[in-house]
Amino acid sequence: LFDTPPTLPVISVSTDSLNLWDTQTGIYVLGDTYENKNPYYGANFWEDWEKPASVEMAGIKGERLFSLNCGIKIFGAWSRARPQKSLAVFFRSVYGDPVLENVQLFKSKQITSFKSFVLRNAGNDYDYTRFRDGMMTNLVKDMNTDIQAFEPVILYLNGQYWGHINLREKINEDYLASNHGVDADKIDLLEYESTVIEGSNADYVELLDFLKSNNLASDASYDFVAKQINISNYIDYMLSEIYFNNRDWPGNNIKFWKPQTEEGLWRWIMFDTDFGFGIYNANDFSLNTIQFALEPNGPSWPNPPWSTFLFRKLVESARFKRAFINRFADLMNTTFTGGSVVGKIDSIAAIIQPEIQRHYYRWGTPSPGGWQNSVQVMRNFALNRVQNVQNHINQQFIRGGIFEVSISNFPAAAGSINLNTIEVSGESWRGKYFENIPITLTAKAVRGYKFSKWEINGAPVLEKSIEINLKKATTIKAIYEVTINDGNSVVINEINYNSAVEKDAGDWVELYNWGRSDLDISGWILKDDDDSHQFVFAANTILKSKAFLVICRNTASFKAIHPSVTNYTGNMDFGLAGAGDVVRLFTNKGILVDSVSFKSERPWPAEPNGSGSTLELRHYSHNSTIAESWKASTEFSGTPGRENSVTTGTYFIDSGNTEKQLQIYPNPFTTETRIKIENNGFEPMKIQIFSMDGRLVKNDISLDNEYVWKGDNQAGQILQQGIYICKVQVEDKIFTGKIILGK
């Protein structure tokens with residue numbers, strides 16, 4: 001391709017031109033016989049024809065990602081009548097390439113094997129933002145939802161620039177196998193009321209019959225249904241479609257599935273949501289979509305009675321209703337806040353915007369100005385939707401108060417609170433919840449602290465888990481106290497499991513005692529995943545407070561590479577597997593102290609597998625069982641016997657210039673900026689943002705060593721452009737700097 005340098009990854013599809021343009025056989029043309037009105041039924045592009053082709057993908061820098069033979073079909077419903085059409089791409093043995101392997105098409109998913117994908121022309125959003133559906137599904141990707149991953153790309157067709165298009169997963173049995181690890185040949189995949197796509201609908205029809213003859217106000221009846229439906233998935237699916245105000249649903253664009261196993265539960269798949277987010281009416285944010293989704297006598301489209309039946313039955317259950325309302329409230333206080341959603345919209349818009357002018361020259365729509373206006377409609381929807389939905393829930397189910405709940409942890413870094421389905425950390429969090437819909441809270445102390453008590457509107461409560469039935473605005477504080485020595489202050493802190501060839505120190509594991517007391521670890525045992533592999537600590541082994549100890553497989557090899565390290569012991573008579581292993585630490589009484597089950601591939605850092613890095617725990621208070629708590633060392637051969645490079649304890653380089661140590665990037669910014677303290681030893685950061693007139697507009701705590709600010713205030717509203725002052729406190733050190741929020 002000899003063309004303008006791309007602003008997005010490029011997909012090039014090539015085929016015999018007759019496969020596209022021939023009147024008799026071309027899939028991209030009207031043909032000879034068709035209805036002369038939109039969507040031109042009978043046209044060639046409505047035929048189920050698949051044509052041989054080849055497909056190649058290159059990154060934004062021109063690097064080839066793959067090049068394979070394939071089959072192509074026109075994809076979609078009415079959108080196939082558009083000049084730029086959607087294409088489904090299939091890899092099959094008949095074309096010589098049965099599968100696309102070892103390519104991660106989507107940043108949001110670790111899947112690297114595909115038998116098909118879709119190049120989608122944006123459907124209903126063709127003339128508007130062209131990323132509506134991708135933004136919405138991406139917004140809820142971390143919930144219990146089945147969504148199509150999304151990447152905007154540029155398409156070339158037979159060497160000709162074909163504009164912006166969206167790369168999407170294709171929903172079929174292979175999608176379910178890739179996303180859920182199920183057998184693609186043993187699933188039931190249905191659409192609409194119970195139409196079979198794959199497998200059988202017998203179980204679902206039987207469930208519908210039960211619902212028709214039983215009231216779910218009965219706990220026994222609800223329990224029967226909950227054993228057949230993944231309730232968490234269904235709630236997240238329903239509330240997302242309701243929040244989006246998708247009006248081409250629920251009587252259309254509905255698919256659901258389950259594995260053909262005894263324990264298999266029905267799950268719903270989210271797709272084709274771009275009829276939402278104010279696409280045809282800028283004031284759609286005010287529409288009551290809960291009432292719409294519960295309508296018992298709707299028209300044949302978009303919400304006929306069969307399509308609302310399941311939801312109407314489930315809300316007969318008080319348990320379901322409470323779970324649905326509280327989950328919706330949790331998300332309206334987090335994922336769906338105006339500032340958060342606007343940030344998501346702007347981040348995707350910034351990726352696509354550079355291509356819009358060129359796309360417009362090719363297809364005549366959307367114009368750059370019209371595109372900007374459509375993006376603004378989405379922003380306005382995001383900023384106004386939550387308040388309207390809160391009122392709709394109140395009108396439909398409660399007819400009571402909506403009260404603000406203020407939650408804090410004290411000390412701020414000592415723990416967090418599980419509130420219904422979300423986690424609240426820091427010293428200042430606010431959300432809105434509903435009267436007579438009890439909320440549940442459970443306090444979780446980090447290492448070094450234990451839960452002491454709650455203060456509910458100033459009154460003490462001692463139970464760790466509580467339930468509150470709101471009658472007014474409520475202040476809730478979880479109070480923790482320091483644990484001097486709980487006997488479990490030792491963590492597995494660093495792991496070297498595959499040294500670089502040029503500096504092979506052998507396998508080793510580092511322990512760190514973050515506690516305030518020295519510990520006698522004589523007789524403690526270090527194991528891998530095999531119980532017969534044991535290293536027993538010698539008598540009189542003392543691990544001092546704030547000290548490190550390295551356990552080596554071969555002390556001679558270790559000392560040759562790290563001659564200055566003296567706090568080591570050995571020899572282990574076992575090694576650690578390069579593909580991943582387990583490291584476990586037990587007391588001399590057999591009590592598990594810490595355990596790490598690491599891998600050498602994502603989401604775990606891959607660099608420690610032979611490249612010279614080690615696996616380092618980001619901070620001793622982090623959950624060592626999850627990949628997110630670990631990073632690859634930034635120092636070659638790691639940091640045995642001392643603080644991690646990422647780091648474990650508190651460490652500052654005192655340059656005497658706090659302005660240099662405070663990193664704010666990008667600055668100026670438009671959608672989000674990152675605030676970081678250089679060489680912060682991963683201690684909690686207290687962040688305060690002030691306007692130039694001295695008003696505190698944002699007050700937050702970050703347990704990470706980097707904080708993302710989206711230009712919003714404490715209520716999640718995006719602030720006006722201008723200069724703001726950032727104040728960051730870490731322990732007794734204070735850092736300040738200017739931030740410029742632009743358009």
# chains A, B, ... in the order shown; residues from 1 in each chain; ligands from 1

$ residues_around --residues "Thr195 in chain A" --least-positions-apart "2" --cutoff "12 Å" --atoms "only C-alpha atoms" --output "number ranges by chain"
A: 188-193, 197-202, 204-205, 254-257

$ write_last_selection --atoms "all heavy atoms" --output "compact mmCIF listing (two decimals), in the first residue's frame"
# COMPACT_ATOMS: atom_id res chain seq x y z
N ASP A 188 -25.44 -24.69 24.03
CA ASP A 188 -26.75 -24.28 23.52
C ASP A 188 -26.69 -22.76 23.36
O ASP A 188 -26.52 -22.03 24.33
CB ASP A 188 -27.87 -24.65 24.49
CG ASP A 188 -28.02 -26.16 24.66
OD1 ASP A 188 -27.74 -26.88 23.69
OD2 ASP A 188 -28.41 -26.59 25.76
N LEU A 189 -26.82 -22.30 22.13
CA LEU A 189 -26.79 -20.87 21.82
C LEU A 189 -28.11 -20.50 21.15
O LEU A 189 -28.46 -21.05 20.10
CB LEU A 189 -25.61 -20.55 20.89
CG LEU A 189 -25.48 -19.10 20.38
CD1 LEU A 189 -25.31 -18.13 21.54
CD2 LEU A 189 -24.30 -18.98 19.41
N LEU A 190 -28.85 -19.58 21.80
CA LEU A 190 -30.19 -19.22 21.34
C LEU A 190 -30.27 -17.72 21.07
O LEU A 190 -29.42 -16.95 21.53
CB LEU A 190 -31.25 -19.59 22.39
CG LEU A 190 -31.20 -21.00 23.00
CD1 LEU A 190 -32.34 -21.18 23.99
CD2 LEU A 190 -31.24 -22.07 21.92
N GLU A 191 -31.32 -17.32 20.34
CA GLU A 191 -31.59 -15.91 20.13
C GLU A 191 -33.09 -15.66 20.20
O GLU A 191 -33.89 -16.60 20.17
CB GLU A 191 -31.01 -15.43 18.79
CG GLU A 191 -31.61 -16.08 17.57
CD GLU A 191 -30.98 -15.58 16.28
OE1 GLU A 191 -30.23 -14.60 16.32
OE2 GLU A 191 -31.25 -16.19 15.22
N TYR A 192 -33.47 -14.38 20.28
CA TYR A 192 -34.87 -13.98 20.40
C TYR A 192 -35.54 -14.73 21.56
O TYR A 192 -34.96 -14.85 22.63
CB TYR A 192 -35.60 -14.18 19.07
CG TYR A 192 -34.98 -13.38 17.96
CD1 TYR A 192 -34.32 -14.00 16.90
CD2 TYR A 192 -35.01 -11.98 17.98
CE1 TYR A 192 -33.72 -13.25 15.89
CE2 TYR A 192 -34.42 -11.23 16.97
CZ TYR A 192 -33.78 -11.88 15.94
OH TYR A 192 -33.20 -11.14 14.95
N GLU A 193 -36.75 -15.24 21.36
CA GLU A 193 -37.46 -15.88 22.48
C GLU A 193 -36.82 -17.21 22.85
O GLU A 193 -36.62 -17.49 24.02
CB GLU A 193 -38.94 -16.07 22.13
CG GLU A 193 -39.77 -16.59 23.30
CD GLU A 193 -41.25 -16.55 23.02
OE1 GLU A 193 -41.65 -16.31 21.86
OE2 GLU A 193 -42.03 -16.74 23.97
N ILE A 197 -29.62 -21.32 17.58
CA ILE A 197 -28.48 -21.08 16.70
C ILE A 197 -27.56 -22.30 16.71
O ILE A 197 -27.13 -22.79 15.68
CB ILE A 197 -27.69 -19.82 17.12
CG1 ILE A 197 -28.60 -18.60 17.13
CG2 ILE A 197 -26.49 -19.59 16.20
CD1 ILE A 197 -27.92 -17.35 17.68
N GLU A 198 -27.26 -22.78 17.91
CA GLU A 198 -26.47 -24.01 18.10
C GLU A 198 -27.09 -24.80 19.23
O GLU A 198 -27.63 -24.23 20.18
CB GLU A 198 -25.01 -23.68 18.45
CG GLU A 198 -24.25 -22.88 17.42
CD GLU A 198 -23.88 -23.69 16.20
OE1 GLU A 198 -23.90 -24.94 16.27
OE2 GLU A 198 -23.55 -23.08 15.17
N GLY A 199 -27.02 -26.12 19.15
CA GLY A 199 -27.49 -26.97 20.23
C GLY A 199 -29.00 -27.10 20.27
O GLY A 199 -29.65 -27.31 19.25
N SER A 200 -29.56 -26.96 21.48
CA SER A 200 -30.99 -27.20 21.70
C SER A 200 -31.58 -26.12 22.59
O SER A 200 -30.89 -25.51 23.40
CB SER A 200 -31.17 -28.57 22.37
OG SER A 200 -32.47 -28.72 22.90
N ASN A 201 -32.90 -25.90 22.46
CA ASN A 201 -33.60 -24.94 23.31
C ASN A 201 -34.48 -25.63 24.35
O ASN A 201 -35.27 -24.97 25.04
CB ASN A 201 -34.44 -23.98 22.48
CG ASN A 201 -35.60 -24.68 21.77
OD1 ASN A 201 -35.75 -25.90 21.86
ND2 ASN A 201 -36.40 -23.92 21.04
N ALA A 202 -34.37 -26.96 24.46
CA ALA A 202 -35.29 -27.71 25.32
C ALA A 202 -35.24 -27.24 26.77
O ALA A 202 -36.28 -27.05 27.41
CB ALA A 202 -34.97 -29.21 25.24
N TYR A 204 -34.31 -24.34 27.97
CA TYR A 204 -34.82 -22.98 28.15
C TYR A 204 -36.35 -22.94 28.03
O TYR A 204 -37.01 -22.23 28.79
CB TYR A 204 -34.19 -22.03 27.13
CG TYR A 204 -34.46 -20.58 27.45
CD1 TYR A 204 -33.82 -19.95 28.51
CD2 TYR A 204 -35.38 -19.83 26.72
CE1 TYR A 204 -34.07 -18.62 28.82
CE2 TYR A 204 -35.64 -18.50 27.02
CZ TYR A 204 -34.98 -17.90 28.07
OH TYR A 204 -35.24 -16.60 28.39
N VAL A 205 -36.90 -23.71 27.11
CA VAL A 205 -38.36 -23.78 26.98
C VAL A 205 -38.97 -24.33 28.26
O VAL A 205 -40.01 -23.85 28.74
CB VAL A 205 -38.75 -24.63 25.76
CG1 VAL A 205 -40.25 -24.91 25.75
CG2 VAL A 205 -38.33 -23.93 24.47
N ILE A 254 -30.75 -10.00 20.81
CA ILE A 254 -30.65 -10.75 22.07
C ILE A 254 -30.15 -12.16 21.77
O ILE A 254 -30.71 -12.87 20.93
CB ILE A 254 -32.00 -10.78 22.83
CG1 ILE A 254 -31.91 -11.64 24.08
CG2 ILE A 254 -33.14 -11.22 21.94
CD1 ILE A 254 -33.10 -11.53 24.99
N LYS A 255 -29.06 -12.54 22.41
CA LYS A 255 -28.50 -13.90 22.32
C LYS A 255 -28.14 -14.35 23.73
O LYS A 255 -27.69 -13.55 24.56
CB LYS A 255 -27.24 -13.93 21.45
CG LYS A 255 -27.49 -13.83 19.95
CD LYS A 255 -26.18 -14.02 19.18
CE LYS A 255 -26.42 -14.13 17.69
NZ LYS A 255 -26.65 -12.85 17.04
N PHE A 256 -28.33 -15.63 23.99
CA PHE A 256 -27.98 -16.19 25.29
C PHE A 256 -27.56 -17.64 25.10
O PHE A 256 -27.91 -18.27 24.10
CB PHE A 256 -29.13 -16.04 26.30
CG PHE A 256 -30.49 -16.45 25.78
CD1 PHE A 256 -31.06 -17.66 26.16
CD2 PHE A 256 -31.20 -15.63 24.92
CE1 PHE A 256 -32.31 -18.03 25.69
CE2 PHE A 256 -32.45 -16.00 24.44
CZ PHE A 256 -33.00 -17.21 24.82
N TRP A 257 -26.83 -18.17 26.08
CA TRP A 257 -26.21 -19.48 25.87
C TRP A 257 -25.93 -20.15 27.21
O TRP A 257 -25.94 -19.52 28.26
CB TRP A 257 -24.89 -19.33 25.11
CG TRP A 257 -23.80 -18.72 25.95
CD1 TRP A 257 -23.64 -17.40 26.28
CD2 TRP A 257 -22.76 -19.42 26.63
NE1 TRP A 257 -22.56 -17.23 27.09
CE2 TRP A 257 -21.99 -18.45 27.32
CE3 TRP A 257 -22.38 -20.76 26.71
CZ2 TRP A 257 -20.87 -18.79 28.08
CZ3 TRP A 257 -21.27 -21.11 27.46
CH2 TRP A 257 -20.54 -20.12 28.14

$ residues_around --residues "Asp581 in chain A" --least-positions-apart "3" --cutoff "6 Å" --atoms "only C-alpha atoms" --output "list in words"
Ala577, Ser597 and Phe598 of chain A

$ write_last_selection --atoms "C-alpha atoms" --output "compact mmCIF listing (two decimals), in the first residue's frame"
# COMPACT_ATOMS: atom_id res chain seq x y z
CA ALA A 577 9.87 -24.13 36.47
CA SER A 597 1.36 -19.27 41.99
CA PHE A 598 3.13 -17.42 39.19

$ closest_residue --among "A:Phe91, A:Asn233, A:Pro354, A:Asn245" --to "Asp174 in chain A" --atoms "only C-alpha atoms"
A:Phe91

$ select_by_dssp --residues "range 101-262 of chain A" --states "strand (DSSP E)" --output "MDAnalysis selection string"
chainID A and resid 101 113:114 116:120 146:147 150:157 160:168 187:191 195:198 255:259

$ residues_around --residues "Leu462 in chain A" --least-positions-apart "5" --cutoff "10 Å" --atoms "only C-alpha atoms" --output "list in words"
Phe451, Ser452, Lys453, Trp454, Glu455, Ala478 and Ile479 of chain A

$ write_last_selection --atoms "C-alpha atoms" --output "mmCIF file, in the first residue's frame"
data_model
loop_
_atom_site.group_PDB
_atom_site.id
_atom_site.type_symbol
_atom_site.label_atom_id
_atom_site.label_comp_id
_atom_site.auth_asym_id
_atom_site.auth_seq_id
_atom_site.Cartn_x
_atom_site.Cartn_y
_atom_site.Cartn_z
ATOM 1 C CA PHE A 451 -10.387 -4.098 61.959
ATOM 2 C CA SER A 452 -11.382 -2.337 65.174
ATOM 3 C CA LYS A 453 -14.927 -0.965 64.748
ATOM 4 C CA TRP A 454 -17.352 0.969 62.589
ATOM 5 C CA GLU A 455 -18.649 4.417 63.318
ATOM 6 C CA ALA A 478 -14.185 1.790 59.227
ATOM 7 C CA ILE A 479 -11.538 2.149 61.912
#

$ residues_around --residues "Leu105 in chain A" --least-positions-apart "2" --cutoff "9 Å" --atoms "only C-alpha atoms" --output "list in words"
Val103, Lys107, Lys109, Gln110, Ile111, Thr112, Ser113, Phe114, Ala149, Glu151 and Leu167 of chain A

$ write_last_selection --atoms "C-alpha atoms" --output "PDB file, in the first residue's frame"
ATOM      1  CA  VAL A 103      -1.950 -12.851  17.430  1.00  0.00           C
ATOM      2  CA  LYS A 107      -5.862  -5.141  23.814  1.00  0.00           C
ATOM      3  CA  LYS A 109      -8.529  -9.623  25.921  1.00  0.00           C
ATOM      4  CA  GLN A 110      -5.654 -12.080  26.112  1.00  0.00           C
ATOM      5  CA  ILE A 111      -7.156 -14.314  23.397  1.00  0.00           C
ATOM      6  CA  THR A 112      -4.635 -15.131  20.646  1.00  0.00           C
ATOM      7  CA  SER A 113      -6.509 -17.686  18.516  1.00  0.00           C
ATOM      8  CA  PHE A 114      -9.412 -16.852  16.183  1.00  0.00           C
ATOM      9  CA  ALA A 149     -13.908  -6.868  22.060  1.00  0.00           C
ATOM     10  CA  GLU A 151     -10.502  -2.107  18.100  1.00  0.00           C
ATOM     11  CA  LEU A 167     -12.609  -4.836  14.312  1.00  0.00           C
TER      12      LEU A 167
END

$ closest_residue --among "A:Asn667, A:Ile242, A:Ser116, A:Val315" --to "Ala217 in chain A" --atoms "only C-alpha atoms"
A:Val315

$ residues_around --residues "Asp209 in chain A" --least-positions-apart "5" --cutoff "12 Å" --atoms "only C-alpha atoms" --output "short mmCIF file (atom, residue, chain, number, x, y, z; two decimals) with all heavy atoms, in the first residue's frame"
data_model
loop_
_atom_site.label_atom_id
_atom_site.label_comp_id
_atom_site.auth_asym_id
_atom_site.auth_seq_id
_atom_site.Cartn_x
_atom_site.Cartn_y
_atom_site.Cartn_z
N ALA A 202 -34.37 -26.96 24.46
CA ALA A 202 -35.29 -27.71 25.32
C ALA A 202 -35.24 -27.24 26.77
O ALA A 202 -36.28 -27.05 27.41
CB ALA A 202 -34.97 -29.21 25.24
N ASP A 203 -34.04 -27.02 27.30
CA ASP A 203 -33.91 -26.61 28.71
C ASP A 203 -34.50 -25.23 28.93
O ASP A 203 -35.14 -24.97 29.96
CB ASP A 203 -32.44 -26.61 29.13
CG ASP A 203 -31.87 -28.01 29.26
OD1 ASP A 203 -32.66 -28.97 29.29
OD2 ASP A 203 -30.62 -28.14 29.32
N TYR A 204 -34.31 -24.34 27.97
CA TYR A 204 -34.82 -22.98 28.15
C TYR A 204 -36.35 -22.94 28.03
O TYR A 204 -37.01 -22.23 28.79
CB TYR A 204 -34.19 -22.03 27.13
CG TYR A 204 -34.46 -20.58 27.45
CD1 TYR A 204 -33.82 -19.95 28.51
CD2 TYR A 204 -35.38 -19.83 26.72
CE1 TYR A 204 -34.07 -18.62 28.82
CE2 TYR A 204 -35.64 -18.50 27.02
CZ TYR A 204 -34.98 -17.90 28.07
OH TYR A 204 -35.24 -16.60 28.39
N ASN A 214 -45.41 -20.28 37.92
CA ASN A 214 -44.93 -20.10 39.29
C ASN A 214 -44.62 -18.62 39.56
O ASN A 214 -44.10 -17.91 38.69
CB ASN A 214 -43.66 -20.92 39.55
CG ASN A 214 -43.95 -22.41 39.62
OD1 ASN A 214 -44.28 -22.95 40.66
ND2 ASN A 214 -43.83 -23.07 38.46
N ASN A 215 -44.92 -18.20 40.80
CA ASN A 215 -44.63 -16.83 41.23
C ASN A 215 -43.28 -16.83 41.94
O ASN A 215 -43.07 -17.59 42.90
CB ASN A 215 -45.72 -16.32 42.17
CG ASN A 215 -45.58 -14.83 42.44
OD1 ASN A 215 -44.50 -14.35 42.75
ND2 ASN A 215 -46.70 -14.12 42.32
N VAL A 225 -35.07 -21.14 39.77
CA VAL A 225 -34.66 -20.38 38.58
C VAL A 225 -33.19 -19.99 38.68
O VAL A 225 -32.45 -20.05 37.69
CB VAL A 225 -35.56 -19.14 38.42
CG1 VAL A 225 -35.05 -18.25 37.29
CG2 VAL A 225 -37.00 -19.56 38.17
N PHE A 309 -40.68 -10.70 29.45
CA PHE A 309 -41.28 -11.69 30.36
C PHE A 309 -40.33 -12.11 31.47
O PHE A 309 -40.69 -12.10 32.66
CB PHE A 309 -41.75 -12.91 29.56
CG PHE A 309 -42.24 -14.04 30.41
CD1 PHE A 309 -43.44 -13.94 31.10
CD2 PHE A 309 -41.50 -15.21 30.53
CE1 PHE A 309 -43.90 -14.98 31.90
CE2 PHE A 309 -41.96 -16.25 31.32
CZ PHE A 309 -43.16 -16.14 32.01
N LEU A 310 -39.10 -12.49 31.14
CA LEU A 310 -38.17 -12.99 32.14
C LEU A 310 -37.88 -11.93 33.20
O LEU A 310 -37.88 -12.21 34.41
CB LEU A 310 -36.87 -13.45 31.47
CG LEU A 310 -35.77 -13.97 32.41
CD1 LEU A 310 -36.27 -15.13 33.25
CD2 LEU A 310 -34.53 -14.38 31.60
N LYS A 313 -40.79 -11.47 35.52
CA LYS A 313 -40.92 -12.56 36.49
C LYS A 313 -39.88 -12.45 37.60
O LYS A 313 -40.18 -12.64 38.78
CB LYS A 313 -40.79 -13.90 35.78
CG LYS A 313 -41.93 -14.23 34.83
CD LYS A 313 -43.28 -14.31 35.55
CE LYS A 313 -43.34 -15.46 36.54
NZ LYS A 313 -44.67 -15.57 37.17
#

$ closest_residue --among "A:Asp236, A:Glu355, A:Glu173, A:Glu47" --to "Pro368 in chain A" --atoms "only C-alpha atoms"
A:Glu355

$ closest_residue --among "A:Asn172, A:Ser86, A:Thr614, A:Ser347" --to "Thr670 in chain A" --atoms "only C-alpha atoms"
A:Ser347
